[in-house]
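Q: Structure incoming, see below.
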Amino acid sequence: MPGTMLRENSNIIIVGGGPAGCFFALKVLRLMKERGLRFNIKILEQRDFSVAGPKGCNMCAGIIGGRVVDGITGLGVEIDSRVIRQDVEGFRIYLDGMNAEVKKRDSDRVFTVFRGLGPTSARTGEEFVGLDAFMLKKTIDMGVGFRKAVVRSIKLGRNINESHNVIYTDEGGNEIEEKADLVVIACGVNSALTRSFNFGYVPPSFWHTCQGEIDLPARNESLSRFIHIFSRRNSLFLFTAVTPKGRFMTITGIGKWVKFQDLLDELTVLQIKKLFNTDLKISCHCHPRIPVTTARNPYYHRLVMVGDACVSRYLKNGIESALFTSQWAAESAIVHGIDRDSFHRNYRPQFHSFLTRDNRYGRVMFFLYRVTSSNKFFSRTCISALKLESQDPKKKYWMMDILWHLFAGDKPYRKIFGKTFMIWKALRMIKNAWR
């Protein structure tokens, strides 16, 4: 049964100018070109991503893998070298006072970026740009309309044949009401707008995490080569990540409901200041929400949610989730229709299979990681196995592969899960580690 289709010169309004909104717009541009269509696309965004500090930040650790870079290239955008703050060698895992490296191999790639222009201490005019500002500019340059505005509400049409009205305030303080044949919500789970709908949408459940930015007195080579992952017994945090970004580093504490003081206490216990020989004066901090479930009813007639307002990879990689959900939603809308049934038949199966189902394995994987980090025997076994694997570059890695893909987020959890339960390898690992 064919769905309700957009007509020539239909108006598409995207609420949110971060990666999810840009990815959606770029995918629609590609589909328009392929099908000889013409739509009017406009992005509404209240933040200025070109300024330092909270006003320009989208609250993210800023870690992207090679698959995300390739996906952005596939949308016609080559990431500028100024966006990449660090091309890291891999991860350094810290468990029970021990540590070992998990290095990239072959085609593995992990980069760090800022979502805005960096913390409040960043200097205007420095030779780097944030990912969000870069993507938004590229999207505008490719013909997508833009207005800096705060969206106040959305008046939904009474039926499938009626457009929605988007009400927003522009930079001059003027209230504007604009019709939209399709509304795309790409403003994320941190936005209050996502909690105002009355068509049955229920936002994802989330963890209330904590993140801080540190300005380093000088570039620290021992810090900048790796993303550092700390875990310990009896901690409020599942793990704490230290992400290098040139002369800055981002510290992210992943826990269910943690506060800034909890993060400061954790850094003291972990002896981060002594380990990296640097001051721990945090110039700014935030409490991003990380979705851990999938939203209910993330679509309606002529309206669709993308990015983490719909679903995100469990505890990881919101940028990748934005990339995929936006493209699936765009293809569903342009190719199959903009009514609720069309989104249910075409958009939902994509994110349900790739993310919702896969996240079930992710929960198990991070539960096993918590068990490992909370037990001295398992922690020692894990670190010993990593060190043994690093001594022989010709052998097939097992533990390194599991931890690399777990933290890089570049492989489905179900595939990592399958590798985890190769029992014979686990027994051999334990035997070698405790010789």
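Each chain of the structure tokens is named A, B, ... in the order shown, its residues numbered from 1; ligands are numbered from 1 in display order.
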Go through range 65-121 of chain A and collect every residue that DSSP, computed from the backbone, puts in strand (DSSP E); the answer should be as a ChimeraX atom specification.

A: /A:65,86-87,90-95,98-103,110-112

Q: Can you write out the residues you just picked, keeping C-alpha atoms, as a PDB file, in the first residue's frame?

A:
ATOM      1  CA  GLY A  65      35.487   5.897  14.213  1.00  0.00           C
ATOM      2  CA  GLN A  86      43.611  13.805  17.499  1.00  0.00           C
ATOM      3  CA  ASP A  87      44.224  10.663  15.458  1.00  0.00           C
ATOM      4  CA  GLY A  90      44.018   3.207  20.390  1.00  0.00           C
ATOM      5  CA  PHE A  91      42.916   2.744  23.973  1.00  0.00           C
ATOM      6  CA  ARG A  92      44.805   2.254  27.220  1.00  0.00           C
ATOM      7  CA  ILE A  93      42.777   0.155  29.659  1.00  0.00           C
ATOM      8  CA  TYR A  94      43.305   0.620  33.429  1.00  0.00           C
ATOM      9  CA  LEU A  95      42.029  -2.116  35.761  1.00  0.00           C
ATOM     10  CA  MET A  98      47.331  -2.299  36.086  1.00  0.00           C
ATOM     11  CA  ASN A  99      47.110  -1.130  32.503  1.00  0.00           C
ATOM     12  CA  ALA A 100      47.625  -2.362  28.956  1.00  0.00           C
ATOM     13  CA  GLU A 101      47.296  -0.961  25.442  1.00  0.00           C
ATOM     14  CA  VAL A 102      44.715  -1.849  22.823  1.00  0.00           C
ATOM     15  CA  LYS A 103      46.210  -0.540  19.592  1.00  0.00           C
ATOM     16  CA  VAL A 110      39.569   6.414  15.861  1.00  0.00           C
ATOM     17  CA  PHE A 111      39.571  10.220  15.958  1.00  0.00           C
ATOM     18  CA  THR A 112      38.667  12.841  18.540  1.00  0.00           C
TER      19      THR A 112
END

Q: List as a list in words the protein and nucleic acid residues near Gly143 in chain A, meaning an atom at most 9 Å away when only C-alpha atoms are counted, but skip any in the same chain fewer than 2 places from it.

A: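 Returned residues: Leu29, Ile41, Thr139, Ile140, Asp141 and Gly145 of chain A.
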
Q: Output C-alpha atoms of each residue in that selection to a file, as a PDB file, in the first residue's frame.

A:
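So result-v2.pdb came out as:
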ATOM      1  CA  LEU A  29      19.634  16.345  -1.169  1.00  0.00           C
ATOM      2  CA  ILE A  41      14.696  22.304   3.248  1.00  0.00           C
ATOM      3  CA  THR A 139      25.154  21.585   4.563  1.00  0.00           C
ATOM      4  CA  ILE A 140      24.255  25.244   4.071  1.00  0.00           C
ATOM      5  CA  ASP A 141      26.837  25.571   1.281  1.00  0.00           C
ATOM      6  CA  GLY A 145      18.299  26.884   4.227  1.00  0.00           C
TER       7      GLY A 145
END

Q: Pick the closest to Leu267 in chain A from A:Ile12, A:Met365, A:Ile251, A:Val113: which is it, counting only C-alpha atoms?

A: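 Among A:Ile12, A:Met365, A:Ile251, A:Val113, it is A:Ile251 that comes nearest to Leu267 in chain A.
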
Q: Pick from A:Arg363, A:Arg302, A:Arg82, A:Lys27: nearest to Arg340 in chain A, with only C-alpha atoms counted?

A: A:Arg302

Q: Please report, as an NGL selection string, each residue of range 12-94 of chain A to which DSSP assigns alpha helix (DSSP H) when run on this structure's backbone.

A: :A and (19-35 or 66-74)

Q: Quick one, how far is CA of Glu34 in chain A from CA of Leu182 in chain A?

A: 19.7 Å

Q: Would you pick out the contacts of range 344-348 of chain A at 6 Å or less, using only C-alpha atoms, so that residues sharing its chain but fewer than 2 positions from it are not included, and give the list as a compact mmCIF listing (two decimals) with N, CA and C atoms, in the first residue's frame?

A:
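The resulting file, out.txt, is reproduced below:
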# COMPACT_ATOMS: atom_id res chain seq x y z
N TRP A 328 18.24 6.52 7.33
CA TRP A 328 17.09 5.61 7.23
C TRP A 328 15.78 6.40 7.20
N ALA A 329 15.67 7.43 8.06
CA ALA A 329 14.45 8.23 8.10
C ALA A 329 14.25 9.00 6.80
N SER A 332 13.16 6.61 4.07
CA SER A 332 11.78 6.21 4.32
C SER A 332 10.80 7.29 3.89
N ASP A 341 2.19 5.09 9.04
CA ASP A 341 2.31 3.69 8.65
C ASP A 341 3.56 3.46 7.81
N SER A 342 3.90 4.42 6.93
CA SER A 342 5.09 4.27 6.10
C SER A 342 6.36 4.28 6.95
N GLN A 350 14.55 -0.72 10.37
CA GLN A 350 15.97 -0.41 10.25
C GLN A 350 16.60 -0.16 11.60
N PHE A 351 16.04 0.81 12.35
CA PHE A 351 16.67 1.13 13.63
C PHE A 351 16.42 0.03 14.67
N HIS A 352 15.31 -0.69 14.51
CA HIS A 352 15.02 -1.75 15.48
C HIS A 352 16.03 -2.89 15.34

Q: Nearest to Tyr300 in chain A: which of A:Val77, A:Ile160, A:Ile282, A:Ala186 is it, counting only C-alpha atoms?

A: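 The closest residue to Tyr300 in chain A is A:Ile160.
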
Q: Determine, counting only C-alpha atoms, which protein, DNA and RNA residues have an atom within 10 Å of an atom of Phe366 in chain A; residues of the same chain fewer than 5 positions away are not included. Present the result as a list in words.

A: Leu238, Phe239, Tyr314, Leu315, Tyr361, Val371, Thr372 and Leu406 of chain A

Q: How would the residues just picked look written out with all heavy atoms as a JSON list (two decimals), in the first residue's frame?

A:
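Result file follows (part02.json):
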[["chain", "number", "residue", "atom", "x", "y", "z"],
["A", 238, "LEU", "N", 30.67, 3.29, 35.63],
["A", 238, "LEU", "CA", 31.00, 2.09, 34.87],
["A", 238, "LEU", "C", 32.42, 2.20, 34.34],
["A", 238, "LEU", "O", 33.21, 1.26, 34.42],
["A", 238, "LEU", "CB", 30.01, 1.89, 33.72],
["A", 238, "LEU", "CG", 30.29, 0.73, 32.77],
["A", 238, "LEU", "CD1", 30.26, -0.60, 33.50],
["A", 238, "LEU", "CD2", 29.28, 0.74, 31.62],
["A", 239, "PHE", "N", 32.74, 3.36, 33.80],
["A", 239, "PHE", "CA", 34.12, 3.68, 33.43],
["A", 239, "PHE", "C", 34.27, 5.19, 33.30],
["A", 239, "PHE", "O", 33.29, 5.93, 33.17],
["A", 239, "PHE", "CB", 34.54, 2.98, 32.12],
["A", 239, "PHE", "CG", 33.77, 3.40, 30.89],
["A", 239, "PHE", "CD1", 34.16, 4.49, 30.13],
["A", 239, "PHE", "CD2", 32.66, 2.67, 30.48],
["A", 239, "PHE", "CE1", 33.46, 4.86, 29.00],
["A", 239, "PHE", "CE2", 31.95, 3.04, 29.34],
["A", 239, "PHE", "CZ", 32.35, 4.15, 28.60],
["A", 314, "TYR", "N", 24.09, 1.69, 22.54],
["A", 314, "TYR", "CA", 24.11, 1.62, 23.99],
["A", 314, "TYR", "C", 25.43, 2.13, 24.58],
["A", 314, "TYR", "O", 26.50, 1.57, 24.33],
["A", 314, "TYR", "CB", 23.87, 0.17, 24.44],
["A", 314, "TYR", "CG", 23.75, 0.00, 25.93],
["A", 314, "TYR", "CD1", 22.62, 0.46, 26.61],
["A", 314, "TYR", "CD2", 24.74, -0.65, 26.66],
["A", 314, "TYR", "CE1", 22.49, 0.29, 27.98],
["A", 314, "TYR", "CE2", 24.61, -0.83, 28.04],
["A", 314, "TYR", "CZ", 23.49, -0.34, 28.69],
["A", 314, "TYR", "OH", 23.37, -0.50, 30.04],
["A", 315, "LEU", "N", 25.34, 3.25, 25.30],
["A", 315, "LEU", "CA", 26.46, 3.88, 26.02],
["A", 315, "LEU", "C", 27.59, 4.34, 25.11],
["A", 315, "LEU", "O", 28.66, 4.69, 25.60],
["A", 315, "LEU", "CB", 27.03, 2.94, 27.10],
["A", 315, "LEU", "CG", 26.08, 2.52, 28.21],
["A", 315, "LEU", "CD1", 26.82, 1.69, 29.25],
["A", 315, "LEU", "CD2", 25.43, 3.72, 28.88],
["A", 361, "TYR", "N", 22.57, -6.97, 23.29],
["A", 361, "TYR", "CA", 23.89, -7.57, 23.44],
["A", 361, "TYR", "C", 24.84, -6.58, 24.13],
["A", 361, "TYR", "O", 25.71, -6.98, 24.90],
["A", 361, "TYR", "CB", 24.46, -7.97, 22.08],
["A", 361, "TYR", "CG", 23.69, -9.08, 21.40],
["A", 361, "TYR", "CD1", 22.70, -8.80, 20.48],
["A", 361, "TYR", "CD2", 23.98, -10.41, 21.67],
["A", 361, "TYR", "CE1", 22.00, -9.81, 19.84],
["A", 361, "TYR", "CE2", 23.29, -11.44, 21.05],
["A", 361, "TYR", "CZ", 22.29, -11.13, 20.13],
["A", 361, "TYR", "OH", 21.60, -12.14, 19.50],
["A", 371, "VAL", "N", 31.63, -6.72, 35.63],
["A", 371, "VAL", "CA", 32.06, -7.87, 36.43],
["A", 371, "VAL", "C", 33.58, -8.00, 36.40],
["A", 371, "VAL", "O", 34.24, -8.22, 37.42],
["A", 371, "VAL", "CB", 31.39, -9.16, 35.92],
["A", 371, "VAL", "CG1", 32.02, -10.39, 36.59],
["A", 371, "VAL", "CG2", 29.90, -9.12, 36.18],
["A", 372, "THR", "N", 34.16, -7.85, 35.21],
["A", 372, "THR", "CA", 35.62, -7.95, 35.06],
["A", 372, "THR", "C", 36.34, -6.88, 35.86],
["A", 372, "THR", "O", 37.30, -7.15, 36.59],
["A", 372, "THR", "CB", 36.01, -7.82, 33.57],
["A", 372, "THR", "OG1", 35.41, -8.88, 32.84],
["A", 372, "THR", "CG2", 37.52, -7.87, 33.40],
["A", 406, "LEU", "N", 34.44, -2.79, 21.53],
["A", 406, "LEU", "CA", 33.53, -2.38, 22.59],
["A", 406, "LEU", "C", 33.61, -0.87, 22.80],
["A", 406, "LEU", "O", 32.58, -0.19, 22.93],
["A", 406, "LEU", "CB", 33.86, -3.11, 23.89],
["A", 406, "LEU", "CG", 32.92, -2.85, 25.07],
["A", 406, "LEU", "CD1", 31.53, -3.39, 24.78],
["A", 406, "LEU", "CD2", 33.48, -3.48, 26.35]]

Q: By how many Å are CA of Gly362 in chain A and CA of Ile290 in chain A apart?

A: 14.0 Å

Q: Kindly indicate which residue among A:Arg67, A:Thr240, A:Glu127, A:Arg380 lies nearest to Pro412 in chain A, using only C-alpha atoms for the distances.

A: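 Closest residue, counting only C-alpha atoms: A:Arg67.
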
Q: Between range 240-330 of chain A and range 190-199 of chain A, at 8 Å or less, what are the per-residue closest atom pairs and their distances in Å? Count only C-alpha atoms, order by chain and rising residue number, and return it as a tab-separated table.

A:
residue	atom	partner	partner_atom	distance
A:Pro288	CA	A:Asn190	CA	7.0
A:Arg289	CA	A:Asn190	CA	6.1
A:Tyr300	CA	A:Phe199	CA	7.2
A:Ala309	CA	A:Thr194	CA	7.2

Q: Return the single residue from A:Val306, A:Met249, A:Ile185, A:Met142 that is closest to Ser321 in chain A, with distances computed using only C-alpha atoms.

A: A:Val306

Q: Env of Ser390 in chain A: 12 Å cut, atoms = only C-alpha atoms, seq-sep filter 4 positions within chain, self excluded. Answer as a list in words.

A: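 Once the nearby chain positions are removed, what remains is Ala100, Glu101, Val102, Lys103, Lys104, Arg105, Ile383, Ser384, Ala385, Leu386, Lys394, Lys395, Lys396, Tyr397, Trp398, Met399, Met400 and Asp401 of chain A.
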